[in-house]
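Undergrad: My file is my_file10.txt. It has compact mmCIF, C-alpha atoms:
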# COMPACT_ATOMS: atom_id res chain seq x y z
CA MET A 1 -13.90 121.08 78.62
CA GLU A 2 -15.84 124.29 78.09
CA VAL A 3 -17.41 122.84 74.92
CA ALA A 4 -18.59 119.76 76.86
CA ILE A 5 -20.13 121.87 79.65
CA ARG A 6 -21.93 124.18 77.18
CA ALA A 7 -23.09 121.16 75.16
CA GLN A 8 -24.58 119.63 78.34
CA GLU A 9 -26.33 122.91 79.22
CA ASN A 10 -27.72 123.39 75.69
CA ALA A 11 -28.72 119.73 75.42
CA THR A 12 -30.73 120.00 78.61
CA ALA A 13 -32.30 123.31 77.50
CA TYR A 14 -33.30 122.00 74.07
CA GLY A 15 -33.95 118.37 74.90
CA LEU A 16 -31.01 117.00 72.86
CA GLU A 17 -28.31 114.43 73.60
CA ALA A 18 -25.23 116.11 75.04
CA ASP A 19 -22.76 113.79 73.26
CA ALA A 20 -24.31 114.48 69.85
CA LEU A 21 -24.33 118.22 70.46
CA GLU A 22 -20.73 118.13 71.67
CA SER A 23 -19.64 116.17 68.57
CA LEU A 24 -21.44 118.62 66.33
CA THR A 25 -19.82 121.57 68.11
CA TRP A 26 -16.35 120.03 67.68
CA ALA A 27 -17.03 119.40 63.99
CA ILE A 28 -18.07 123.03 63.51
CA LEU A 29 -14.94 124.28 65.31
CA GLU A 30 -12.70 122.04 63.19
CA ASN A 31 -14.48 123.24 60.04
CA ASN A 32 -13.93 126.85 61.12
CA GLU A 33 -10.22 126.16 61.58
CA ALA A 34 -10.05 124.56 58.12
CA LEU A 35 -11.85 127.56 56.62
CA ALA A 36 -9.42 129.92 58.34
CA ASP A 37 -6.48 127.90 56.97
CA ASN A 38 -8.02 128.01 53.47
CA ALA A 39 -8.53 131.76 53.76
CA ASP A 40 -4.88 132.19 54.74
CA GLU A 41 -3.76 130.05 51.77
CA LEU A 42 -6.01 131.99 49.41
CA SER A 43 -4.66 135.25 50.74
CA GLU A 44 -1.11 134.03 50.09
CA LEU A 45 -2.03 132.91 46.56
CA THR A 46 -3.70 136.19 45.63
CA GLU A 47 -0.99 138.32 47.20
CA GLY A 48 0.77 140.21 44.45
CA GLN A 49 -1.95 139.58 41.87
CA VAL A 50 -3.32 142.51 39.96
CA THR A 51 -6.85 143.61 40.80
CA ALA A 52 -9.49 144.74 38.34
CA GLU A 53 -9.17 148.24 39.79
CA GLU A 54 -5.45 148.31 39.05
CA ILE A 55 -6.06 147.08 35.50
CA ALA A 56 -8.70 149.76 34.95
CA ALA A 57 -6.32 152.42 36.29
CA ASP A 58 -3.56 151.23 33.94
CA ILE A 59 -5.91 151.28 30.95
CA ALA A 60 -7.11 154.78 31.83
CA ARG A 61 -3.52 156.00 32.26
CA ASP A 62 -2.52 154.50 28.88
CA PHE A 63 -5.57 156.01 27.20
CA MET A 64 -4.78 159.45 28.65
CA ARG A 65 -1.17 159.15 27.50
CA LEU A 66 -2.26 158.16 23.99
CA ASN A 67 -4.73 161.06 23.79
CA SER A 68 -2.15 163.52 25.09
CA SER A 69 0.38 162.34 22.50
CA LEU A 70 -2.16 162.57 19.71
CA GLU A 71 -3.19 166.07 20.78
CA ASP A 72 0.45 167.21 20.88
CA LEU A 73 1.11 165.87 17.39
CA GLN A 74 -2.19 167.12 15.99
CA ASP A 75 -1.71 170.66 17.36
CA ASP A 76 0.40 171.39 14.34
CA TYR A 77 -0.50 168.49 12.09
CA GLU A 78 1.04 170.05 9.00
CA ASP A 79 4.38 170.59 10.76
CA THR A 80 4.28 167.00 12.06
CA CYS A 81 3.64 165.67 8.53
CA ASP A 82 6.40 167.91 7.13
CA THR A 83 8.77 166.51 9.76
CA ILE A 84 7.88 162.94 8.74
CA ASP A 85 8.43 163.82 5.07
CA ALA A 86 11.79 165.51 5.78
CA PHE A 87 12.86 162.65 8.04
CA LYS A 88 11.99 160.02 5.42
CA GLU A 89 13.77 162.04 2.75
CA ALA A 90 16.90 162.42 4.89
CA MET A 91 16.93 158.71 5.67
CA SER A 92 16.69 157.86 1.98
CA ASP A 93 19.46 160.36 1.12
CA ALA A 94 17.24 161.63 -1.71
CA SER A 95 17.95 165.20 -0.68
CA GLY A 96 21.69 164.69 -0.32
CA GLU A 97 21.31 165.93 3.24
CA THR A 98 21.80 163.44 6.04
CA LEU A 99 19.72 163.22 9.18
CA ALA A 100 22.69 164.49 11.17
CA ASP A 101 22.84 167.55 8.91
CA MET A 102 19.12 168.16 9.31
CA LYS A 103 19.33 167.87 13.09
CA THR A 104 21.53 170.97 13.12
CA ASN A 105 18.44 172.90 12.02
CA ASP A 106 16.85 173.97 15.31
CA LYS A 107 13.27 173.92 13.98
CA PHE A 108 13.64 170.45 12.46
CA SER A 109 15.41 169.15 15.56
CA LYS A 110 12.59 170.37 17.84
CA SER A 111 9.92 169.02 15.49
CA LEU A 112 11.65 165.64 15.30
CA GLY A 113 11.95 165.53 19.09
CA LYS A 114 8.23 166.31 19.41
CA LEU A 115 7.41 163.62 16.83
CA GLU A 116 9.56 161.02 18.58
CA LYS A 117 8.13 161.84 22.02
CA GLY A 118 4.60 161.70 20.62
CA MET A 119 5.31 158.39 18.93
CA CYS A 120 6.47 156.97 22.27
CA GLY A 121 3.01 157.78 23.64
CA ILE A 122 1.25 156.34 20.60
CA LEU A 123 3.36 153.17 20.67
CA ASP A 124 3.05 152.91 24.46
CA VAL A 125 6.82 152.64 24.94
CA SER A 126 9.17 154.44 27.29
CA GLU A 127 9.95 158.05 26.45
CA ASP A 128 13.60 157.05 26.88
CA LEU A 129 13.34 155.78 23.29
CA ALA A 130 12.71 159.32 21.97
CA GLY A 131 15.91 160.45 20.28
CA SER A 132 17.33 156.94 20.23
CA LYS A 133 18.68 154.97 17.30
CA TRP A 134 15.80 152.53 17.89
CA MET A 135 13.23 155.29 17.31
CA GLU A 136 15.05 156.56 14.21
CA ASP A 137 15.10 153.03 12.79
CA PHE A 138 11.46 152.50 13.69
CA LEU A 139 10.33 155.75 12.04
CA ASN A 140 12.44 154.96 8.99
CA GLU A 141 10.97 151.44 8.65
CA ALA A 142 7.36 152.47 9.33
CA ASP A 143 5.09 153.25 6.40
CA GLU A 144 4.71 157.02 6.00
CA ASP A 145 0.95 156.87 5.40
CA THR A 146 0.46 154.63 8.43
CA LEU A 147 2.41 157.09 10.59
CA LYS A 148 0.25 159.98 9.42
CA LYS A 149 -2.98 158.01 9.89
CA ALA A 150 -1.91 157.05 13.42
CA ILE A 151 -1.16 160.68 14.25
CA ASP A 152 -4.59 161.52 12.88
CA GLY A 153 -6.04 159.05 15.43
CA ASP A 154 -6.80 156.09 13.16
CA ALA A 155 -7.15 153.12 15.55
CA ASP A 156 -6.11 150.53 12.94
CA ALA A 157 -2.96 152.49 12.09
CA ILE A 158 -2.10 152.84 15.79
CA LYS A 159 -2.60 149.10 16.28
CA GLU A 160 -0.43 148.34 13.24
CA LEU A 161 2.38 150.60 14.49
CA ARG A 162 2.18 149.11 17.98
CA ASN A 163 2.46 145.62 16.51
CA GLN A 164 5.46 146.71 14.41
CA ALA A 165 7.07 148.25 17.50
CA ALA A 166 6.50 145.08 19.54
CA ASP A 167 8.04 142.98 16.75
CA LYS A 168 11.00 145.33 16.54
CA ILE A 169 11.51 145.26 20.30
CA VAL A 170 11.49 141.43 20.28
CA LEU A 171 13.83 141.24 17.28
CA ASP A 172 16.24 143.81 18.74
CA ALA A 173 16.37 142.14 22.16
Starting from the coordinates I provided, produce the structure as structure tokens.

TA:
Amino acid sequence: MEVAIRAQENATAYGLEADALESLTWAILENNEALADNADELSELTEGQVTAEEIAADIARDFMRLNSSLEDLQDDYEDTCDTIDAFKEAMSDASGETLADMKTNDKFSKSLGKLEKGMCGILDVSEDLAGSKWMEDFLNEADEDTLKKAIDGDADAIKELRNQAADKIVLDA
């Protein structure tokens, strides 16, 4: 009723037909309702979707974690490389000393823990894997030179190790 009265008033003021103005007003109101319904549906569809800001924050967090891991392992690069060498040797039994024997050495045990934690950051996997059988198997299977290059910050080596880790995770699942 209010729309009809206002249409009559505006029609008189602007020299238009009241019925045409009323029809146009109703069409606009219906269109507004449809737009509001579409906005509600769109809101429901996009609810729970990741925003560009969240993606950027995740990338920045991953990049910071990678850099932190690389810095930790590069702080004493020679010790890290020695740990890889000793680990590989123990896993091959070339030294006659097993990994379990070597872990009784406090220095080696701490260095291995640091290496495994750093590798979790480089591989972008949970730190829960540090000290696990999965990590021991991964380090044993990974190419020694690729490990050292990754620790040195070589992007291709990091990518290769991440791909190997992803494959191993899928195969072990």

Undergrad: When you count all atoms listed in the file, which of these residues is closest to Glu71 in chain A: A:Ala39, A:Leu115, A:Ala86, A:Ala100?

TA: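 Result for the nearest residue to Glu71 in chain A: A:Leu115.
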
Undergrad: Pick from A:Leu42, A:Ile151, A:Leu139, A:Ile55: nearest to Asn67 in chain A, with only C-alpha atoms counted?

TA: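 With only C-alpha atoms as the atom set, the closest residue is A:Ile151.
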
Undergrad: Using only C-alpha atoms, which of A:Ile122, A:Phe138, A:Met64, A:Asp40 sits nearest Lys159 in chain A?

TA: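 Distance minimum relative to Lys159 in chain A lands on A:Ile122.
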
Undergrad: Counting only C-alpha atoms, which residue out of A:Ala165, A:Val50, A:Ile84, A:Ala34 sits closest to Ser126 in chain A?

TA: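 Of all the options, A:Ala165 lies closest to Ser126 in chain A.
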
Undergrad: Find the spatial neighbours of Phe108 in chain A, counting all atoms listed in the file, within a cut-off of 12 Å - ignore same-chain residues fewer than 6 positions away - and output them as an mmCIF file with C-alpha atoms, in the coordinates of the input.

TA:
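Written output follows (selection-v7.cif):
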data_model
loop_
_atom_site.group_PDB
_atom_site.id
_atom_site.type_symbol
_atom_site.label_atom_id
_atom_site.label_comp_id
_atom_site.auth_asym_id
_atom_site.auth_seq_id
_atom_site.Cartn_x
_atom_site.Cartn_y
_atom_site.Cartn_z
ATOM 1 C CA ASP A 79 4.380 170.590 10.760
ATOM 2 C CA THR A 80 4.280 167.000 12.060
ATOM 3 C CA CYS A 81 3.640 165.670 8.530
ATOM 4 C CA ASP A 82 6.400 167.910 7.130
ATOM 5 C CA THR A 83 8.770 166.510 9.760
ATOM 6 C CA ILE A 84 7.880 162.940 8.740
ATOM 7 C CA ASP A 85 8.430 163.820 5.070
ATOM 8 C CA ALA A 86 11.790 165.510 5.780
ATOM 9 C CA PHE A 87 12.860 162.650 8.040
ATOM 10 C CA ALA A 90 16.900 162.420 4.890
ATOM 11 C CA LEU A 99 19.720 163.220 9.180
ATOM 12 C CA ALA A 100 22.690 164.490 11.170
ATOM 13 C CA ASP A 101 22.840 167.550 8.910
ATOM 14 C CA MET A 102 19.120 168.160 9.310
ATOM 15 C CA LYS A 114 8.230 166.310 19.410
ATOM 16 C CA LEU A 115 7.410 163.620 16.830
ATOM 17 C CA GLU A 116 9.560 161.020 18.580
#

Undergrad: Counting all atoms listed in the file, which residue out of A:Ile28, A:Glu97, A:Trp134, A:Glu54 sits closest to Leu171 in chain A?

TA: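 Comparing A:Ile28, A:Glu97, A:Trp134, A:Glu54 against Leu171 in chain A, the winner is A:Trp134.
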
Undergrad: So how many Å separate CA of Thr146 in chain A and CA of Leu73 in chain A, to one decimal?

TA: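 Between these atoms lies a distance of 14.4 Å.
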
Undergrad: Please measure the separation of CA of Asp76 in chain A and CA of Gly118 in chain A, giving the value in Å to one decimal.

TA: 12.3 Å
